[in-house]
>>> print(open('my_file-v4.txt').read())   # compact mmCIF, C-alpha atoms and all ligand atoms
# COMPACT_ATOMS: atom_id res chain seq x y z
CA MET I 1 174.34 76.32 121.67
CA LEU I 2 173.63 73.24 119.56
CA ARG I 3 170.31 74.66 118.42
CA TYR I 4 172.13 77.73 117.05
CA VAL I 5 174.51 75.47 115.07
CA ILE I 6 171.59 73.58 113.51
CA PHE I 7 169.81 76.85 112.78
CA GLY I 8 172.97 78.21 111.13
CA MET I 9 173.24 75.13 108.94
CA MET I 10 169.59 75.45 107.89
CA VAL I 11 170.03 79.13 107.01
CA GLY I 12 173.16 78.26 105.04
CA ALA I 13 171.27 75.57 103.20
CA LEU I 14 168.30 77.84 102.49
CA LEU I 15 170.62 80.54 101.14
CA GLY I 16 172.03 77.97 98.69
CA GLY I 17 175.45 78.04 100.35
CA ALA I 18 177.10 74.68 100.90
CA ALA I 19 173.65 73.13 100.84
CA PRO I 20 173.74 69.35 100.54
CA ALA I 21 172.79 68.36 97.00
CA VAL I 22 169.01 68.07 97.06
CA ALA I 23 167.78 65.06 95.09
CA GLN I 24 165.87 66.30 92.04
CA GLU I 25 162.79 64.43 93.21
CA ARG I 26 162.52 66.76 96.20
CA ALA I 27 163.59 69.96 94.44
CA LYS I 28 160.45 72.05 94.39
CA PRO I 29 159.97 74.74 91.77
CA GLN I 30 158.91 78.15 93.07
CA ALA I 31 155.51 78.54 94.68
CA THR I 32 152.48 78.34 92.39
CA GLY I 33 150.40 81.40 91.56
CA LYS I 34 152.99 83.04 89.25
CA LYS I 35 153.39 82.07 85.56
CA LEU I 36 155.43 78.89 85.18
CA VAL I 37 158.77 79.57 83.47
CA VAL I 38 160.47 76.64 81.72
CA GLY I 39 163.91 76.72 80.10
CA PHE I 40 164.21 74.27 77.17
CA SER I 41 167.62 73.43 75.64
CA GLN I 42 166.99 71.85 72.22
CA VAL I 43 169.60 69.95 70.14
CA GLY I 44 169.08 71.83 66.89
CA ALA I 45 166.92 71.61 63.76
CA GLU I 46 168.77 68.76 62.05
CA SER I 47 165.76 66.68 61.02
CA ALA I 48 162.03 66.75 60.37
CA TRP I 49 161.64 64.79 63.59
CA ARG I 50 163.43 67.49 65.59
CA THR I 51 161.28 70.21 64.04
CA ALA I 52 158.15 68.26 65.00
CA GLU I 53 159.42 67.86 68.57
CA THR I 54 160.12 71.59 68.90
CA LYS I 55 156.71 72.48 67.46
CA SER I 56 154.95 70.13 69.88
CA ILE I 57 156.72 71.51 72.97
CA LYS I 58 156.35 75.15 71.95
CA GLY I 59 152.69 74.62 71.03
CA GLU I 60 151.84 72.91 74.32
CA ALA I 61 153.61 75.62 76.35
CA ALA I 62 151.55 78.30 74.60
CA LYS I 63 148.36 76.28 75.11
CA ARG I 64 149.03 76.01 78.87
CA GLY I 65 150.15 79.63 79.36
CA VAL I 66 153.70 78.55 80.24
CA GLU I 67 156.58 80.96 79.55
CA LEU I 68 159.04 78.87 77.50
CA LYS I 69 162.62 80.12 77.21
CA PHE I 70 163.82 78.23 74.12
CA ALA I 71 167.51 77.78 73.23
CA ILE I 72 168.64 75.89 70.11
CA ALA I 73 172.18 74.48 70.10
CA GLN I 74 172.97 73.84 66.40
CA GLN I 75 173.95 70.27 67.46
CA ARG I 76 176.76 71.52 69.75
CA GLN I 77 176.82 70.39 73.39
CA GLY I 78 178.73 73.52 74.42
CA ASN I 79 175.79 75.64 73.36
CA GLN I 80 173.43 73.46 75.38
CA ILE I 81 175.57 73.83 78.49
CA LYS I 82 175.68 77.62 78.01
CA ALA I 83 171.89 77.66 77.68
CA VAL I 84 171.43 75.63 80.88
CA ARG I 85 173.67 78.08 82.78
CA SER I 86 171.65 80.96 81.46
CA PHE I 87 168.43 79.30 82.64
CA ILE I 88 169.99 79.02 86.12
CA ALA I 89 170.85 82.72 86.06
CA GLN I 90 167.29 83.54 85.01
CA ARG I 91 165.96 81.41 87.90
CA VAL I 92 163.53 79.43 85.72
CA ASP I 93 161.20 77.02 87.52
CA VAL I 94 162.09 73.90 85.52
CA ILE I 95 164.87 73.06 83.02
CA VAL I 96 164.15 70.69 80.12
CA ILE I 97 167.04 69.26 78.08
CA ALA I 98 167.18 67.12 74.94
CA PRO I 99 170.85 66.17 75.43
CA ILE I 100 172.69 65.85 72.14
CA VAL I 101 175.17 63.28 73.50
CA GLU I 102 175.15 61.04 76.57
CA THR I 103 178.33 62.24 78.30
CA GLY I 104 179.69 65.55 79.63
CA TRP I 105 176.65 66.58 81.72
CA GLU I 106 177.71 65.91 85.36
CA ARG I 107 179.21 69.33 86.09
CA VAL I 108 176.42 71.53 84.74
CA LEU I 109 173.72 69.27 86.20
CA ARG I 110 175.38 69.67 89.63
CA GLU I 111 175.21 73.45 89.17
CA VAL I 112 171.49 73.11 88.41
CA GLN I 113 171.00 70.88 91.44
CA ARG I 114 172.74 73.41 93.69
CA ALA I 115 170.37 76.03 92.30
CA ARG I 116 167.51 73.70 93.32
CA ILE I 117 165.94 73.70 89.84
CA PRO I 118 164.42 70.38 88.69
CA VAL I 119 165.66 68.93 85.38
CA ILE I 120 163.57 66.84 83.00
CA LEU I 121 165.27 65.05 80.06
CA VAL I 122 163.30 64.55 76.85
CA ASP I 123 164.09 62.42 73.80
CA ARG I 124 167.62 61.34 74.74
CA GLY I 125 169.30 60.19 77.96
CA VAL I 126 172.58 61.04 79.69
CA LYS I 127 175.24 58.90 81.36
CA VAL I 128 175.78 60.24 84.90
CA ARG I 129 177.05 58.48 88.06
CA ASP I 130 174.27 60.03 90.12
CA ASP I 131 170.82 59.86 88.57
CA SER I 132 169.43 62.20 91.23
CA LEU I 133 170.81 64.92 88.91
CA TYR I 134 167.57 64.76 86.93
CA VAL I 135 163.95 64.04 87.81
CA THR I 136 163.00 61.82 84.87
CA LEU I 137 163.73 60.92 81.22
CA ILE I 138 160.85 60.86 78.75
CA ALA I 139 162.02 58.93 75.65
CA SER I 140 161.55 56.00 73.30
CA ASP I 141 163.44 52.76 73.86
CA PHE I 142 166.05 53.05 71.11
CA VAL I 143 167.40 49.52 71.64
CA GLU I 144 163.88 48.19 71.03
CA GLU I 145 163.59 50.32 67.89
CA GLY I 146 166.82 48.80 66.57
CA ARG I 147 165.58 45.30 67.34
CA MET I 148 162.23 45.97 65.60
CA ALA I 149 164.08 47.19 62.50
CA ALA I 150 166.33 44.11 62.49
CA GLU I 151 163.46 41.66 62.90
CA TRP I 152 161.48 43.25 60.08
CA LEU I 153 164.52 43.27 57.74
CA ALA I 154 165.46 39.66 58.57
CA LYS I 155 161.93 38.57 57.64
CA LYS I 156 161.90 40.67 54.45
CA MET I 157 165.31 39.32 53.35
CA ASN I 158 164.67 35.71 54.47
CA GLY I 159 167.55 35.99 56.95
CA LYS I 160 170.21 36.86 54.38
CA ALA I 161 171.47 40.37 53.44
CA ASN I 162 174.56 42.53 53.13
CA ILE I 163 173.56 45.69 54.99
CA VAL I 164 175.03 49.18 55.09
CA GLU I 165 174.21 51.22 58.21
CA LEU I 166 173.78 55.00 58.42
CA GLN I 167 174.35 55.85 62.08
CA GLY I 168 172.97 58.91 63.88
CA THR I 169 175.02 61.54 65.71
CA THR I 170 178.13 59.96 67.21
CA GLY I 171 177.82 59.61 71.00
CA SER I 172 174.08 60.24 71.06
CA ALA I 173 171.79 57.83 72.92
CA PRO I 174 169.71 57.00 69.81
CA ALA I 175 172.77 56.26 67.67
CA ILE I 176 174.39 54.07 70.35
CA ASP I 177 171.23 52.17 71.22
CA ARG I 178 169.72 51.82 67.74
CA LYS I 179 173.02 50.23 66.66
CA LYS I 180 173.03 47.98 69.73
CA GLY I 181 169.42 46.86 69.23
CA PHE I 182 169.87 46.19 65.50
CA GLU I 183 173.02 44.12 66.08
CA GLU I 184 171.20 42.11 68.75
CA GLY I 185 168.32 41.57 66.31
CA ILE I 186 170.46 40.29 63.42
CA LYS I 187 172.61 38.08 65.68
CA LYS I 188 169.98 35.31 65.29
CA HIS I 189 170.46 35.41 61.50
CA PRO I 190 174.06 34.56 60.52
CA GLY I 191 173.28 35.50 56.91
CA MET I 192 172.56 39.14 57.92
CA LYS I 193 175.81 41.13 57.80
CA ILE I 194 176.58 44.83 58.31
CA ILE I 195 179.27 45.34 55.67
CA LYS I 196 179.71 49.12 56.19
CA SER I 197 178.61 51.49 58.98
CA GLN I 198 179.19 55.25 59.30
CA SER I 199 177.56 58.31 60.90
CA GLY I 200 175.39 60.58 58.77
CA ASP I 201 174.67 62.75 61.84
CA PHE I 202 170.87 62.36 61.44
CA THR I 203 170.82 64.76 58.45
CA ARG I 204 169.59 64.16 54.88
CA ALA I 205 172.68 65.79 53.35
CA LYS I 206 175.20 63.72 55.28
CA GLY I 207 173.10 60.59 54.79
CA LYS I 208 173.38 61.14 51.03
CA ASP I 209 177.14 61.76 51.21
CA VAL I 210 177.78 58.59 53.22
CA MET I 211 175.56 56.50 50.94
CA GLU I 212 177.44 57.81 47.89
CA ALA I 213 180.66 56.60 49.50
CA PHE I 214 179.11 53.19 50.25
CA ILE I 215 177.93 52.87 46.63
CA LYS I 216 181.41 53.80 45.41
CA SER I 217 183.11 51.15 47.54
CA ASP I 218 180.51 48.39 47.63
CA ARG I 219 177.92 48.99 44.90
CA ASP I 220 177.40 45.36 43.89
CA ARG I 221 177.35 44.00 47.46
CA ILE I 222 174.73 46.31 48.99
CA GLU I 223 171.36 44.58 49.44
CA ALA I 224 169.83 46.64 52.27
CA VAL I 225 170.15 49.96 54.11
CA TYR I 226 169.49 50.45 57.84
CA ALA I 227 169.25 54.18 58.59
CA HIS I 228 168.97 55.45 62.18
CA ASN I 229 166.49 58.08 60.99
CA ASP I 230 164.26 58.88 58.02
CA ASP I 231 166.20 62.00 56.99
CA MET I 232 169.36 59.97 56.36
CA ALA I 233 167.28 57.28 54.60
CA LEU I 234 165.86 59.94 52.27
CA GLY I 235 169.40 61.12 51.53
CA ALA I 236 170.39 57.51 50.80
CA ILE I 237 167.42 57.14 48.46
CA GLN I 238 168.61 60.19 46.51
CA ALA I 239 172.13 58.75 46.26
CA LEU I 240 170.83 55.37 45.05
CA GLU I 241 168.62 56.95 42.38
CA GLU I 242 171.50 59.15 41.15
CA ALA I 243 173.56 55.95 40.80
CA GLY I 244 170.81 54.31 38.74
CA ILE I 245 169.85 51.91 41.56
CA LYS I 246 166.14 51.48 42.40
CA PRO I 247 165.64 52.21 46.14
CA GLY I 248 163.02 49.97 47.73
CA LYS I 249 163.46 47.38 44.97
CA ASP I 250 167.15 46.73 44.10
CA VAL I 251 168.06 47.76 47.67
CA ILE I 252 165.66 47.36 50.62
CA ILE I 253 165.59 50.31 53.03
CA ILE I 254 164.40 50.50 56.63
CA SER I 255 164.71 53.54 58.89
CA ILE I 256 163.35 55.06 62.11
CA ASP I 257 161.17 58.08 63.01
CA ALA I 258 158.09 57.64 60.72
CA VAL I 259 157.92 61.32 59.71
CA ARG I 260 155.57 62.34 56.92
CA ALA I 261 158.30 62.33 54.25
CA ALA I 262 158.96 58.69 55.13
CA PHE I 263 155.31 57.86 54.48
CA GLU I 264 155.51 59.67 51.14
CA ALA I 265 158.62 57.61 50.26
CA MET I 266 156.82 54.39 51.26
CA VAL I 267 153.81 55.31 49.11
CA ALA I 268 156.27 55.92 46.25
CA ARG I 269 157.75 52.46 47.10
CA LYS I 270 161.25 53.91 47.63
CA LEU I 271 161.35 53.29 51.40
CA ASN I 272 160.23 49.88 52.62
CA ALA I 273 159.53 50.42 56.34
CA THR I 274 160.09 52.82 59.24
CA VAL I 275 159.85 52.45 63.02
CA GLU I 276 157.94 55.29 64.65
CA CYS I 277 159.73 57.31 67.34
CA ASN I 278 157.05 59.73 68.43
CA PRO I 279 158.36 63.34 68.66
CA LEU I 280 155.15 64.87 70.02
CA PHE I 281 156.53 65.40 73.55
CA GLY I 282 154.51 68.52 74.39
CA PRO I 283 151.52 67.00 76.23
CA ILE I 284 153.46 64.34 78.18
CA LEU I 285 156.18 66.84 79.11
CA PHE I 286 153.85 69.45 80.60
CA ASP I 287 151.70 66.80 82.28
CA THR I 288 154.91 65.56 83.91
CA ILE I 289 155.88 69.09 85.00
CA GLU I 290 152.43 69.56 86.54
CA LYS I 291 152.82 66.30 88.49
CA LEU I 292 156.27 67.43 89.65
CA ARG I 293 154.91 70.77 90.88
CA ALA I 294 152.09 68.95 92.66
CA GLY I 295 154.76 67.04 94.56
CA GLU I 296 154.03 63.67 92.94
CA LYS I 297 156.85 61.08 92.92
CA LEU I 298 157.87 60.50 89.29
CA PRO I 299 159.46 57.38 87.71
CA LYS I 300 163.08 57.79 86.51
CA TYR I 301 162.01 56.80 82.98
CA ILE I 302 158.76 57.47 81.12
CA LYS I 303 158.67 55.39 77.95
CA ASN I 304 157.26 56.51 74.59
CA GLU I 305 155.72 53.49 72.85
CA ASP I 306 156.86 52.83 69.26
CA ARG I 307 155.49 50.80 66.34
CA LEU I 308 156.63 49.83 62.84
CA PHE I 309 154.98 50.94 59.58
CA ASP I 310 155.63 49.45 56.13
CA GLN I 311 154.40 49.99 52.58
CA SER I 312 151.29 47.86 53.17
CA VAL I 313 149.76 50.55 55.44
CA ALA I 314 151.47 53.75 54.23
CA ALA I 315 148.82 54.92 51.76
CA GLU I 316 145.88 54.45 54.17
CA LEU I 317 147.65 56.16 57.11
CA ILE I 318 149.54 59.03 55.48
CA ASP I 319 146.71 61.57 55.75
CA SER I 320 146.28 60.87 59.46
CA ARG I 321 149.92 61.55 60.32
CA GLU I 322 150.41 64.50 62.73
CA TYR I 323 154.06 65.11 61.75
C1 LIG H 401 165.25 60.36 68.65
C2 LIG H 401 165.91 61.67 68.26
C3 LIG H 401 166.59 61.55 66.94
C4 LIG H 401 165.65 61.28 65.76
C5 LIG H 401 166.33 62.03 64.68
O1 LIG H 401 164.63 60.50 69.91
O2 LIG H 401 166.85 62.06 69.25
O3 LIG H 401 167.24 62.79 66.65
O4 LIG H 401 165.51 59.91 65.45
C6 LIG H 401 166.71 63.31 65.42
O5 LIG H 401 165.55 62.31 63.54
O6 LIG H 401 167.61 64.07 64.71
>>> encode(input="my_file-v4.txt", output="structure tokens")
Amino acid sequence: MLRYVIFGMMVGALLGGAAPAVAQERAKPQATGKKLVVGFSQVGAESAWRTAETKSIKGEAAKRGVELKFAIAQQRQGNQIKAVRSFIAQRVDVIVIAPIVETGWERVLREVQRARIPVILVDRGVKVRDDSLYVTLIASDFVEEGRMAAEWLAKKMNGKANIVELQGTTGSAPAIDRKKGFEEGIKKHPGMKIIKSQSGDFTRAKGKDVMEAFIKSDRDRIEAVYAHNDDMALGAIQALEEAGIKPGKDVIIISIDAVRAAFEAMVARKLNATVECNPLFGPILFDTIEKLRAGEKLPKYIKNEDRLFDQSVAAELIDSREY
């Protein structure tokens, strides 16, 4: 009799009934031989960085003959969750998410787990109680980026500056951690003070709007700008110029991403430095998916290495930039 009970449980599990949640590491995509189908839920197209990330992932999928189902969320988490549910319904082999914000993912990730589809996070992380809900996160270390920006600025300003901060999307991992890292970095320099801080949502337009407000309220106190991405820094540069303030000279500006437009601004001596956050996820993402399908055990976090560029190297490197 007992053997029939066990058999019944196994059948139930196989049919995806009340199957125990299978840790993502052991969730196997469908058998090889047929074309790999990957569902990718992308944040939006809010910045040059994001466009470069999308291009890299789409390009690599095409190169490897992978069918990529691509869903763009216009920076709304609800659209991402809808896209993930549609990938489940379409029975894709792997789901890739660039999660716009850290919270609100438990429920839909449990649905994916019950459907036994592996999840890979790219670019940004999530806060979940059970990290078996995803296989791995491939991303930069945003806290480290913030620290690198702070250390460079402290050196440039000899440890003394009134700083205004343009934060990224509220609740997103890069905005939370770039702020955290920068604050840690300036803690060692009592003369470095953030006098105003507000979100520009990673876009050039909102970065300009917020900088205009900072200039209005604190024009004569502002000595430096820390922008969580280049697009907002470029918006801030526009606002400064329109106010008759020389960006890069009267006000020192450091940002993050290192997109081509940032290099152009450094060559024009309007941006002083930028910390690279490499968006070219395509190769590492599909290498990781291949390892997953081969049954390899993957680390929970795969780190993208970052580095800082300033005006001293911008002119020689700009032509070699891939994005
Ligand atoms: C960082 C990424 C951020 C970029 C911004 O990994 O999530 O979002 O820094 C982008 O340019 O909008």
>>> closest_atom_pairs(input="my_file-v4.txt", of="chain I", to="ligand LIG 401 (chain H)", cutoff="9 Å", atoms="all atoms listed in the file", output="Markdown table")
| residue | atom | partner | partner_atom | distance |
| --- | --- | --- | --- | --- |
| I:Val43 | CA | H:LIG401 | O6 | 8.2 |
| I:Gly44 | CA | H:LIG401 | O6 | 8.2 |
| I:Ala45 | CA | H:LIG401 | O6 | 7.6 |
| I:Glu46 | CA | H:LIG401 | O6 | 5.5 |
| I:Ser47 | CA | H:LIG401 | O6 | 4.9 |
| I:Ala48 | CA | H:LIG401 | O5 | 6.5 |
| I:Trp49 | CA | H:LIG401 | O5 | 4.6 |
| I:Arg50 | CA | H:LIG401 | C6 | 5.3 |
| I:Thr51 | CA | H:LIG401 | O6 | 8.8 |
| I:Glu53 | CA | H:LIG401 | C2 | 9.0 |
| I:Ala98 | CA | H:LIG401 | O2 | 7.6 |
| I:Pro99 | CA | H:LIG401 | O2 | 8.4 |
| I:Ile100 | CA | H:LIG401 | O2 | 7.5 |
| I:Val122 | CA | H:LIG401 | O1 | 8.1 |
| I:Asp123 | CA | H:LIG401 | O1 | 4.4 |
| I:Arg124 | CA | H:LIG401 | O2 | 5.6 |
| I:Ala139 | CA | H:LIG401 | O1 | 6.5 |
| I:Ser140 | CA | H:LIG401 | O1 | 6.4 |
| I:Asp141 | CA | H:LIG401 | O1 | 8.8 |
| I:Phe142 | CA | H:LIG401 | O1 | 7.7 |
| I:Gly168 | CA | H:LIG401 | C5 | 7.4 |
| I:Thr169 | CA | H:LIG401 | O6 | 7.9 |
| I:Ser172 | CA | H:LIG401 | O2 | 7.7 |
| I:Ala173 | CA | H:LIG401 | O2 | 7.5 |
| I:Pro174 | CA | H:LIG401 | C1 | 5.7 |
| I:Ala175 | CA | H:LIG401 | C3 | 8.2 |
| I:Asp201 | CA | H:LIG401 | O6 | 7.7 |
| I:Phe202 | CA | H:LIG401 | O6 | 4.9 |
| I:Thr203 | CA | H:LIG401 | O6 | 7.1 |
| I:His228 | CA | H:LIG401 | O4 | 6.5 |
| I:Asn229 | CA | H:LIG401 | O4 | 4.9 |
| I:Asp230 | CA | H:LIG401 | O5 | 6.6 |
| I:Asp231 | CA | H:LIG401 | O5 | 6.6 |
| I:Met232 | CA | H:LIG401 | O5 | 8.5 |
| I:Ile256 | CA | H:LIG401 | O4 | 6.3 |
| I:Asp257 | CA | H:LIG401 | O4 | 5.3 |
| I:Val259 | CA | H:LIG401 | O5 | 8.6 |
| I:Glu276 | CA | H:LIG401 | O4 | 8.9 |
| I:Cys277 | CA | H:LIG401 | O1 | 6.4 |
| I:Asn278 | CA | H:LIG401 | O1 | 7.8 |
| I:Pro279 | CA | H:LIG401 | O1 | 7.0 |
>>> write_last_selection(input="my_file-v4.txt", atoms="C-alpha atoms", output="PDB file, in the frame of the given file")
ATOM      1  CA  VAL I  43     169.600  69.950  70.140  1.00  0.00           C
ATOM      2  CA  GLY I  44     169.080  71.830  66.890  1.00  0.00           C
ATOM      3  CA  ALA I  45     166.920  71.610  63.760  1.00  0.00           C
ATOM      4  CA  GLU I  46     168.770  68.760  62.050  1.00  0.00           C
ATOM      5  CA  SER I  47     165.760  66.680  61.020  1.00  0.00           C
ATOM      6  CA  ALA I  48     162.030  66.750  60.370  1.00  0.00           C
ATOM      7  CA  TRP I  49     161.640  64.790  63.590  1.00  0.00           C
ATOM      8  CA  ARG I  50     163.430  67.490  65.590  1.00  0.00           C
ATOM      9  CA  THR I  51     161.280  70.210  64.040  1.00  0.00           C
ATOM     10  CA  GLU I  53     159.420  67.860  68.570  1.00  0.00           C
ATOM     11  CA  ALA I  98     167.180  67.120  74.940  1.00  0.00           C
ATOM     12  CA  PRO I  99     170.850  66.170  75.430  1.00  0.00           C
ATOM     13  CA  ILE I 100     172.690  65.850  72.140  1.00  0.00           C
ATOM     14  CA  VAL I 122     163.300  64.550  76.850  1.00  0.00           C
ATOM     15  CA  ASP I 123     164.090  62.420  73.800  1.00  0.00           C
ATOM     16  CA  ARG I 124     167.620  61.340  74.740  1.00  0.00           C
ATOM     17  CA  ALA I 139     162.020  58.930  75.650  1.00  0.00           C
ATOM     18  CA  SER I 140     161.550  56.000  73.300  1.00  0.00           C
ATOM     19  CA  ASP I 141     163.440  52.760  73.860  1.00  0.00           C
ATOM     20  CA  PHE I 142     166.050  53.050  71.110  1.00  0.00           C
ATOM     21  CA  GLY I 168     172.970  58.910  63.880  1.00  0.00           C
ATOM     22  CA  THR I 169     175.020  61.540  65.710  1.00  0.00           C
ATOM     23  CA  SER I 172     174.080  60.240  71.060  1.00  0.00           C
ATOM     24  CA  ALA I 173     171.790  57.830  72.920  1.00  0.00           C
ATOM     25  CA  PRO I 174     169.710  57.000  69.810  1.00  0.00           C
ATOM     26  CA  ALA I 175     172.770  56.260  67.670  1.00  0.00           C
ATOM     27  CA  ASP I 201     174.670  62.750  61.840  1.00  0.00           C
ATOM     28  CA  PHE I 202     170.870  62.360  61.440  1.00  0.00           C
ATOM     29  CA  THR I 203     170.820  64.760  58.450  1.00  0.00           C
ATOM     30  CA  HIS I 228     168.970  55.450  62.180  1.00  0.00           C
ATOM     31  CA  ASN I 229     166.490  58.080  60.990  1.00  0.00           C
ATOM     32  CA  ASP I 230     164.260  58.880  58.020  1.00  0.00           C
ATOM     33  CA  ASP I 231     166.200  62.000  56.990  1.00  0.00           C
ATOM     34  CA  MET I 232     169.360  59.970  56.360  1.00  0.00           C
ATOM     35  CA  ILE I 256     163.350  55.060  62.110  1.00  0.00           C
ATOM     36  CA  ASP I 257     161.170  58.080  63.010  1.00  0.00           C
ATOM     37  CA  VAL I 259     157.920  61.320  59.710  1.00  0.00           C
ATOM     38  CA  GLU I 276     157.940  55.290  64.650  1.00  0.00           C
ATOM     39  CA  CYS I 277     159.730  57.310  67.340  1.00  0.00           C
ATOM     40  CA  ASN I 278     157.050  59.730  68.430  1.00  0.00           C
ATOM     41  CA  PRO I 279     158.360  63.340  68.660  1.00  0.00           C
TER      42      PRO I 279
END
>>> residues_near_point(input="my_file-v4.txt", point="(175.5, 62.7, 53.6)", cutoff="12 Å", atoms="all atoms listed in the file", output="ChimeraX atom specification")
/I:166-168,198-214,227,231-239
>>> closest_residue(input="my_file-v4.txt", among="I:Pro118, I:Gly191, I:Gly159, I:Gly181", to="I:Arg147", atoms="only C-alpha atoms")
I:Gly181
>>> closest_residue(input="my_file-v4.txt", among="I:Glu183, I:Val164, I:Ala262, I:Val128", to="I:Arg221", atoms="all atoms listed in the file")
I:Val164
>>> atom_distance(input="my_file-v4.txt", atom1="atom CA of I:Val267", atom2="atom CA of I:Leu240")
17.5 Å
>>> residues_around(input="my_file-v4.txt", residues="stretch 242-251 of chain I", least_positions_apart="4", cutoff="7 Å", atoms="only C-alpha atoms", output="list in words")
Ile222, Glu223, Ala224, Ile237, Gln238, Arg269, Lys270, Leu271 and Asn272 of chain I
>>> write_last_selection(input="my_file-v4.txt", atoms="C-alpha atoms", output="PDB file, in the frame of the given file")
ATOM      1  CA  ILE I 222     174.730  46.310  48.990  1.00  0.00           C
ATOM      2  CA  GLU I 223     171.360  44.580  49.440  1.00  0.00           C
ATOM      3  CA  ALA I 224     169.830  46.640  52.270  1.00  0.00           C
ATOM      4  CA  ILE I 237     167.420  57.140  48.460  1.00  0.00           C
ATOM      5  CA  GLN I 238     168.610  60.190  46.510  1.00  0.00           C
ATOM      6  CA  ARG I 269     157.750  52.460  47.100  1.00  0.00           C
ATOM      7  CA  LYS I 270     161.250  53.910  47.630  1.00  0.00           C
ATOM      8  CA  LEU I 271     161.350  53.290  51.400  1.00  0.00           C
ATOM      9  CA  ASN I 272     160.230  49.880  52.620  1.00  0.00           C
TER      10      ASN I 272
END
>>> closest_residue(input="my_file-v4.txt", among="I:Lys179, I:Arg129, I:Lys82, I:Lys193", to="I:Glu144", atoms="only C-alpha atoms")
I:Lys179
>>> residues_around(input="my_file-v4.txt", residues="I:Lys58", least_positions_apart="3", cutoff="10 Å", atoms="all atoms listed in the file", output="list of chain:residue names")
I:Phe40, I:Ala52, I:Glu53, I:Thr54, I:Lys55, I:Ala61, I:Ala62, I:Lys63, I:Val66, I:Glu67, I:Leu68, I:Lys69, I:Phe70, I:Phe281, I:Gly282
>>> closest_residue(input="my_file-v4.txt", among="I:Ile252, I:Met157, I:Ala71, I:Val38", to="I:Ile120", atoms="all atoms listed in the file")
I:Val38
>>> atom_distance(input="my_file-v4.txt", atom1="atom CA of I:Gln311", atom2="atom CA of I:Ile138")
29.1 Å
>>> atom_distance(input="my_file-v4.txt", atom1="atom CA of I:Ile163", atom2="atom CA of I:Ile186")
10.5 Å
>>> closest_residue(input="my_file-v4.txt", among="I:Leu308, I:Phe286, I:Glu102, I:Thr136", to="I:Ile57", atoms="all atoms listed in the file")
I:Phe286
